[in-house]
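Colleague: Got a structure for you, questions after.
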Amino acid sequence: MPQTPPVRLLIHGASGRMGEALLRLAGPGAGVEVVAAVSRHALAGSAGKSVWIAAGELAKAPEFDVAIDFSQPMALNSLVAFCVSRGTALVSGTTGIEGTQRRVLEDAAKSIPVLWAANFSLGIAVLSELVRRAAEALPGWDCDIIEAHHARKLDAPSGTALLLGEVVRAGRGQPPHYASVRAGDIVGEHTVMLSGAGERVELVHRASNRDIFAAGALEAGRRIAGRPAGSYALSGLLFTP
Ligand code: NAD
């Protein structure tokens, strides 16, 4: 049986918490091989077989099939342009991106396959389906989304809270209220609270390990590489056989 060669991966934001998890989990078992690790400043040495590259020197990257990005919103535009110039796929989980950057991603999807997702976990995909059903069934109730993350997280509310809020708005016609906690080393917690007169429903997801996001992003990267240009949704790519 001929073996499928591993998908060649460029990790953007490789020195960060998510980048570290991606570097650790990538490899033959995941069907991907890291060929380039990009961070704001190039780091000495190598990350496995890959080369460390500074963000300002992307052109030095060897050939790759897909870029996986967990960095900062301000870093995204140059990476998108670079992926378009190389004709490679792009998977991004960077949160806090604004309208103009969403349009940059939409434009890129005309020439390369693109997937942006606020959350790469299976549990959040299931939670958002439960939230949709609850919001539709309880349109007159108050709705609050409370999220908690580690103290160094820059954006608030989290991208996942905004995603769940959009599900709530679509289900009951009104957006929820948001509350954010930034403390310690919390990986990520989201509570959607629906409050009526004399009763309350709470739907909760707690991430205790960021490997779940990294594994989801690697699987998305493996599956999106080589596909036609377009904007891909996580549910379509990951959570269907
Ligand atoms: P981090 O601060 O630990 O790491 C950020 C990384 O980005 C570093 O490697 C840094 O060198 C790099 N970087 C910063 N500025 C850059 C620039 N101008 N050019 C290139 N690289 C640059 O952050 P983190 O905890 O790894 O999170 C990164 C992003 O991923 C955040 O937006 C976070 O909210 C998001 N995130 C998303 C998910 C998801 O499932 N979608 C899960 C966890 C985190």
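Residue numbering restarts at 1 in every chain; chains get A, B, ... in the order shown in the structure tokens, and ligands count up from 1 in that same order.
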How would you report the residues lying within 8 Å of ligand 1, as a PyMOL selection string, if you count only C-alpha atoms and all ligand atoms?

Modeller: chain A and resi 12-20+38-41+54-56+69-76+92-96+116-121+152-155+158-160+187+210+213-214+216-217

Colleague: Per residue of range 61-166 of chain A within 6 Å of range 193-197 of chain A, note the shortest atom pair and the distance in Å to one decimal, counting only C-alpha atoms, and order the rows by chain and increasing residue number, as a Markdown table.

Modeller:
| residue | atom | partner | partner_atom | distance |
| --- | --- | --- | --- | --- |
| A:Trp141 | CA | A:Gly196 | CA | 4.9 |
| A:Asp142 | CA | A:Ser195 | CA | 5.1 |
| A:Cys143 | CA | A:Leu194 | CA | 4.6 |
| A:Asp144 | CA | A:Met193 | CA | 5.2 |

Colleague: Near range 175-179 of chain A, within 7 Å and counting only C-alpha atoms, which residues show up once chain neighbours fewer than 3 positions away are dropped, as a list in words?

Modeller: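 Neighbouring residues, sequence-local ones excluded: Cys143, Asp144, Ile145, Ile146, Glu147, Pro157, Gly165, Glu166, Val168 and Arg169 of chain A.
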
Colleague: Can you work out which one of A:Ala225, A:Val114, A:Val34, A:Ala233 has the shortest atom-to-atom distance to Val51 in chain A, counting only C-alpha atoms?

Modeller: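 Ranked by minimum distance to Val51 in chain A, first place goes to A:Val34.
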
Colleague: I need the residues of range 3-229 of chain A that end up classed as strand (DSSP E or B) by DSSP on the backbone, written out as a ChimeraX atom specification.

Modeller: /A:7-12,27,32-39,46-47,50-54,66-69,89-92,113-116,142-149,177-182,188-196,199-207

Colleague: Based on the selection just made, write C-alpha atoms of those residues as a PDB file, in the first residue's frame.

Modeller:
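Okay, this is what ended up in again-v6.pdb:
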ATOM      1  CA  VAL A   7       1.203  17.326   5.076  1.00  0.00           C
ATOM      2  CA  ARG A   8       3.989  19.929   5.344  1.00  0.00           C
ATOM      3  CA  LEU A   9       3.169  22.491   7.981  1.00  0.00           C
ATOM      4  CA  LEU A  10       4.246  26.037   8.784  1.00  0.00           C
ATOM      5  CA  ILE A  11       3.365  27.057  12.332  1.00  0.00           C
ATOM      6  CA  HIS A  12       2.828  30.806  12.788  1.00  0.00           C
ATOM      7  CA  GLY A  27       4.428  14.389  13.681  1.00  0.00           C
ATOM      8  CA  VAL A  32       1.701  16.368   9.483  1.00  0.00           C
ATOM      9  CA  GLU A  33       5.343  17.360   9.440  1.00  0.00           C
ATOM     10  CA  VAL A  34       6.431  20.779  10.702  1.00  0.00           C
ATOM     11  CA  VAL A  35       8.830  22.352   8.206  1.00  0.00           C
ATOM     12  CA  ALA A  36       8.839  25.923   9.539  1.00  0.00           C
ATOM     13  CA  ALA A  37       8.200  27.518  12.939  1.00  0.00           C
ATOM     14  CA  VAL A  38       7.522  31.260  12.806  1.00  0.00           C
ATOM     15  CA  SER A  39       7.515  33.570  15.812  1.00  0.00           C
ATOM     16  CA  SER A  46      15.494  24.040  15.404  1.00  0.00           C
ATOM     17  CA  ALA A  47      12.090  22.683  16.352  1.00  0.00           C
ATOM     18  CA  SER A  50      11.733  22.527  11.110  1.00  0.00           C
ATOM     19  CA  VAL A  51      13.499  25.864  10.906  1.00  0.00           C
ATOM     20  CA  TRP A  52      12.733  28.841  13.133  1.00  0.00           C
ATOM     21  CA  ILE A  53      11.909  31.947  11.131  1.00  0.00           C
ATOM     22  CA  ALA A  54      11.231  35.514  12.296  1.00  0.00           C
ATOM     23  CA  VAL A  66      -0.644  24.583   5.046  1.00  0.00           C
ATOM     24  CA  ALA A  67       0.015  27.323   7.594  1.00  0.00           C
ATOM     25  CA  ILE A  68      -1.526  27.025  11.049  1.00  0.00           C
ATOM     26  CA  ASP A  69      -1.721  30.360  12.845  1.00  0.00           C
ATOM     27  CA  ALA A  89      -3.913  26.574   2.665  1.00  0.00           C
ATOM     28  CA  LEU A  90      -4.391  28.615   5.852  1.00  0.00           C
ATOM     29  CA  VAL A  91      -5.890  27.568   9.201  1.00  0.00           C
ATOM     30  CA  SER A  92      -6.157  30.294  11.840  1.00  0.00           C
ATOM     31  CA  PRO A 113      -8.472  27.268   1.093  1.00  0.00           C
ATOM     32  CA  VAL A 114      -9.037  29.161   4.365  1.00  0.00           C
ATOM     33  CA  LEU A 115     -10.425  28.096   7.729  1.00  0.00           C
ATOM     34  CA  TRP A 116     -10.735  30.464  10.683  1.00  0.00           C
ATOM     35  CA  ASP A 142     -32.331  36.657  30.144  1.00  0.00           C
ATOM     36  CA  CYS A 143     -29.120  35.325  28.632  1.00  0.00           C
ATOM     37  CA  ASP A 144     -25.605  35.890  29.943  1.00  0.00           C
ATOM     38  CA  ILE A 145     -22.333  34.420  28.697  1.00  0.00           C
ATOM     39  CA  ILE A 146     -19.597  34.284  31.312  1.00  0.00           C
ATOM     40  CA  GLU A 147     -16.111  33.352  30.150  1.00  0.00           C
ATOM     41  CA  ALA A 148     -12.857  32.891  32.076  1.00  0.00           C
ATOM     42  CA  HIS A 149      -9.300  32.709  30.695  1.00  0.00           C
ATOM     43  CA  HIS A 177     -24.796  40.039  27.910  1.00  0.00           C
ATOM     44  CA  TYR A 178     -21.123  39.161  28.334  1.00  0.00           C
ATOM     45  CA  ALA A 179     -18.875  38.968  31.393  1.00  0.00           C
ATOM     46  CA  SER A 180     -15.138  38.173  31.253  1.00  0.00           C
ATOM     47  CA  VAL A 181     -12.742  36.954  33.942  1.00  0.00           C
ATOM     48  CA  ARG A 182      -8.958  37.095  33.365  1.00  0.00           C
ATOM     49  CA  GLY A 188     -10.808  28.424  28.957  1.00  0.00           C
ATOM     50  CA  GLU A 189     -14.284  28.228  30.502  1.00  0.00           C
ATOM     51  CA  HIS A 190     -17.599  29.281  28.974  1.00  0.00           C
ATOM     52  CA  THR A 191     -20.982  29.340  30.728  1.00  0.00           C
ATOM     53  CA  VAL A 192     -24.176  30.228  28.875  1.00  0.00           C
ATOM     54  CA  MET A 193     -26.786  31.112  31.502  1.00  0.00           C
ATOM     55  CA  LEU A 194     -30.471  31.433  30.642  1.00  0.00           C
ATOM     56  CA  SER A 195     -32.485  32.892  33.508  1.00  0.00           C
ATOM     57  CA  GLY A 196     -36.276  32.899  33.801  1.00  0.00           C
ATOM     58  CA  GLU A 199     -35.478  28.899  37.318  1.00  0.00           C
ATOM     59  CA  ARG A 200     -32.188  28.945  35.446  1.00  0.00           C
ATOM     60  CA  VAL A 201     -30.445  26.807  32.827  1.00  0.00           C
ATOM     61  CA  GLU A 202     -26.636  26.754  32.642  1.00  0.00           C
ATOM     62  CA  LEU A 203     -24.647  25.170  29.836  1.00  0.00           C
ATOM     63  CA  VAL A 204     -20.933  24.951  30.634  1.00  0.00           C
ATOM     64  CA  HIS A 205     -17.745  23.944  28.839  1.00  0.00           C
ATOM     65  CA  ARG A 206     -14.386  23.773  30.611  1.00  0.00           C
ATOM     66  CA  ALA A 207     -11.122  23.224  28.770  1.00  0.00           C
TER      67      ALA A 207
END

Colleague: Enumerate the residues of range 74-120 of chain A with a DSSP assignment of alpha helix (DSSP H), computed from the backbone, and present them as an MDAnalysis selection string.

Modeller: chainID A and resid 74:86 99:108

Colleague: When distances are computed from only C-alpha atoms, which of A:Ile97, A:Leu23, A:Leu234, A:Ala30 shows the smallest separation from Glu219 in chain A?

Modeller: A:Ala30

Colleague: Need the shell around range 80-88 of chain A: protein/DNA/RNA residues with any atom at most 9 Å away, counting only C-alpha atoms. Skip same-chain ones fewer than 4 positions apart. Format as a short mmCIF file (atom, residue, chain, number, x, y, z; two decimals) with all heavy atoms, in the first residue's frame?

Modeller:
data_model
loop_
_atom_site.label_atom_id
_atom_site.label_comp_id
_atom_site.auth_asym_id
_atom_site.auth_seq_id
_atom_site.Cartn_x
_atom_site.Cartn_y
_atom_site.Cartn_z
N LEU A 58 9.37 35.89 6.43
CA LEU A 58 8.56 34.76 5.99
C LEU A 58 9.05 34.17 4.67
O LEU A 58 8.93 32.96 4.43
CB LEU A 58 7.10 35.19 5.82
CG LEU A 58 6.23 35.19 7.08
CD1 LEU A 58 4.87 35.79 6.78
CD2 LEU A 58 6.08 33.78 7.63
N ALA A 59 9.60 35.05 3.81
CA ALA A 59 10.04 34.59 2.49
C ALA A 59 11.09 33.48 2.59
O ALA A 59 11.31 32.73 1.63
CB ALA A 59 10.58 35.76 1.67
N GLU A 63 9.21 25.17 1.25
CA GLU A 63 7.87 24.83 0.72
C GLU A 63 7.03 24.17 1.80
O GLU A 63 7.54 23.37 2.59
CB GLU A 63 8.01 23.86 -0.46
CG GLU A 63 8.35 24.56 -1.74
CD GLU A 63 8.18 23.63 -2.95
OE1 GLU A 63 7.36 22.69 -2.88
OE2 GLU A 63 8.88 23.85 -3.93
N PHE A 64 5.74 24.53 1.84
CA PHE A 64 4.83 23.92 2.81
C PHE A 64 3.44 23.83 2.17
O PHE A 64 3.17 24.45 1.14
CB PHE A 64 4.80 24.73 4.12
CG PHE A 64 4.27 26.13 3.97
CD1 PHE A 64 2.96 26.44 4.27
CD2 PHE A 64 5.09 27.16 3.52
CE1 PHE A 64 2.47 27.73 4.13
CE2 PHE A 64 4.62 28.45 3.37
CZ PHE A 64 3.30 28.74 3.68
N ASP A 65 2.56 23.02 2.78
CA ASP A 65 1.22 22.82 2.24
C ASP A 65 0.17 23.66 2.96
O ASP A 65 -0.81 24.07 2.36
CB ASP A 65 0.82 21.34 2.35
CG ASP A 65 1.82 20.43 1.66
OD1 ASP A 65 2.07 20.64 0.46
OD2 ASP A 65 2.38 19.52 2.33
N VAL A 66 0.36 23.85 4.26
CA VAL A 66 -0.64 24.58 5.05
C VAL A 66 0.04 25.34 6.17
O VAL A 66 1.01 24.84 6.76
CB VAL A 66 -1.74 23.62 5.58
CG1 VAL A 66 -1.16 22.50 6.41
CG2 VAL A 66 -2.79 24.36 6.40
N ALA A 67 -0.46 26.55 6.44
CA ALA A 67 0.01 27.32 7.59
C ALA A 67 -1.05 27.24 8.67
O ALA A 67 -2.24 27.39 8.39
CB ALA A 67 0.25 28.78 7.20
N LEU A 76 -1.72 38.85 11.37
CA LEU A 76 -2.42 37.97 10.44
C LEU A 76 -2.31 38.41 8.98
O LEU A 76 -2.12 37.57 8.09
CB LEU A 76 -3.90 37.87 10.86
CG LEU A 76 -4.71 36.73 10.29
CD1 LEU A 76 -4.05 35.39 10.54
CD2 LEU A 76 -6.12 36.74 10.89
N VAL A 104 -10.15 40.43 4.75
CA VAL A 104 -8.88 39.95 4.19
C VAL A 104 -8.93 38.43 4.03
O VAL A 104 -8.53 37.87 3.01
CB VAL A 104 -7.69 40.39 5.08
CG1 VAL A 104 -6.42 39.65 4.72
CG2 VAL A 104 -7.47 41.89 4.98
N LEU A 105 -9.46 37.75 5.05
CA LEU A 105 -9.57 36.28 4.99
C LEU A 105 -10.55 35.87 3.89
O LEU A 105 -10.30 34.91 3.14
CB LEU A 105 -10.02 35.73 6.34
CG LEU A 105 -8.98 35.74 7.46
CD1 LEU A 105 -9.62 35.36 8.79
CD2 LEU A 105 -7.82 34.80 7.16
N ALA A 108 -8.90 36.26 0.58
CA ALA A 108 -7.90 35.20 0.36
C ALA A 108 -8.58 33.90 -0.05
O ALA A 108 -8.02 33.13 -0.86
CB ALA A 108 -7.08 34.99 1.63
N ALA A 109 -9.77 33.66 0.49
CA ALA A 109 -10.47 32.40 0.21
C ALA A 109 -10.88 32.30 -1.27
O ALA A 109 -11.29 31.23 -1.72
CB ALA A 109 -11.70 32.27 1.11
N SER A 111 -8.69 32.60 -3.53
CA SER A 111 -7.57 31.94 -4.22
C SER A 111 -6.93 30.78 -3.45
O SER A 111 -6.21 29.98 -4.04
CB SER A 111 -6.50 32.97 -4.61
OG SER A 111 -6.16 33.76 -3.52
N ILE A 112 -7.16 30.69 -2.14
CA ILE A 112 -6.61 29.56 -1.37
C ILE A 112 -7.69 29.01 -0.41
O ILE A 112 -8.63 29.74 -0.08
CB ILE A 112 -5.36 29.96 -0.54
CG1 ILE A 112 -5.70 31.10 0.44
CG2 ILE A 112 -4.18 30.31 -1.43
CD1 ILE A 112 -4.62 31.40 1.46
N PRO A 113 -7.54 27.76 0.07
CA PRO A 113 -8.47 27.27 1.09
C PRO A 113 -8.17 27.92 2.45
O PRO A 113 -7.01 27.96 2.86
CB PRO A 113 -8.22 25.75 1.12
CG PRO A 113 -6.95 25.51 0.41
CD PRO A 113 -6.58 26.72 -0.39
N ALA A 225 -5.49 20.78 3.50
CA ALA A 225 -4.38 20.88 2.54
C ALA A 225 -4.79 20.24 1.21
O ALA A 225 -5.36 19.15 1.19
CB ALA A 225 -3.15 20.17 3.10
N GLY A 226 -4.52 20.95 0.13
CA GLY A 226 -4.79 20.41 -1.20
C GLY A 226 -6.23 20.56 -1.66
O GLY A 226 -6.57 20.18 -2.78
#

Colleague: Kindly give the distance, in Å, that separates CA of Ile186 in chain A and CA of Leu162 in chain A, rounded to a single decimal.

Modeller: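 Computing the Euclidean distance for CA of Ile186 in chain A and CA of Leu162 in chain A yields 18.3 Å.
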
Colleague: One number please: CA of Gly123 in chain A to CA of Arg102 in chain A, in Å, one decimal.

Modeller: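 The value is 24.6 Å.
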
Colleague: Could you tell me how far CA of Asp185 in chain A lies from CA of Val131 in chain A, in Å and to one decimal?

Modeller: 26.2 Å
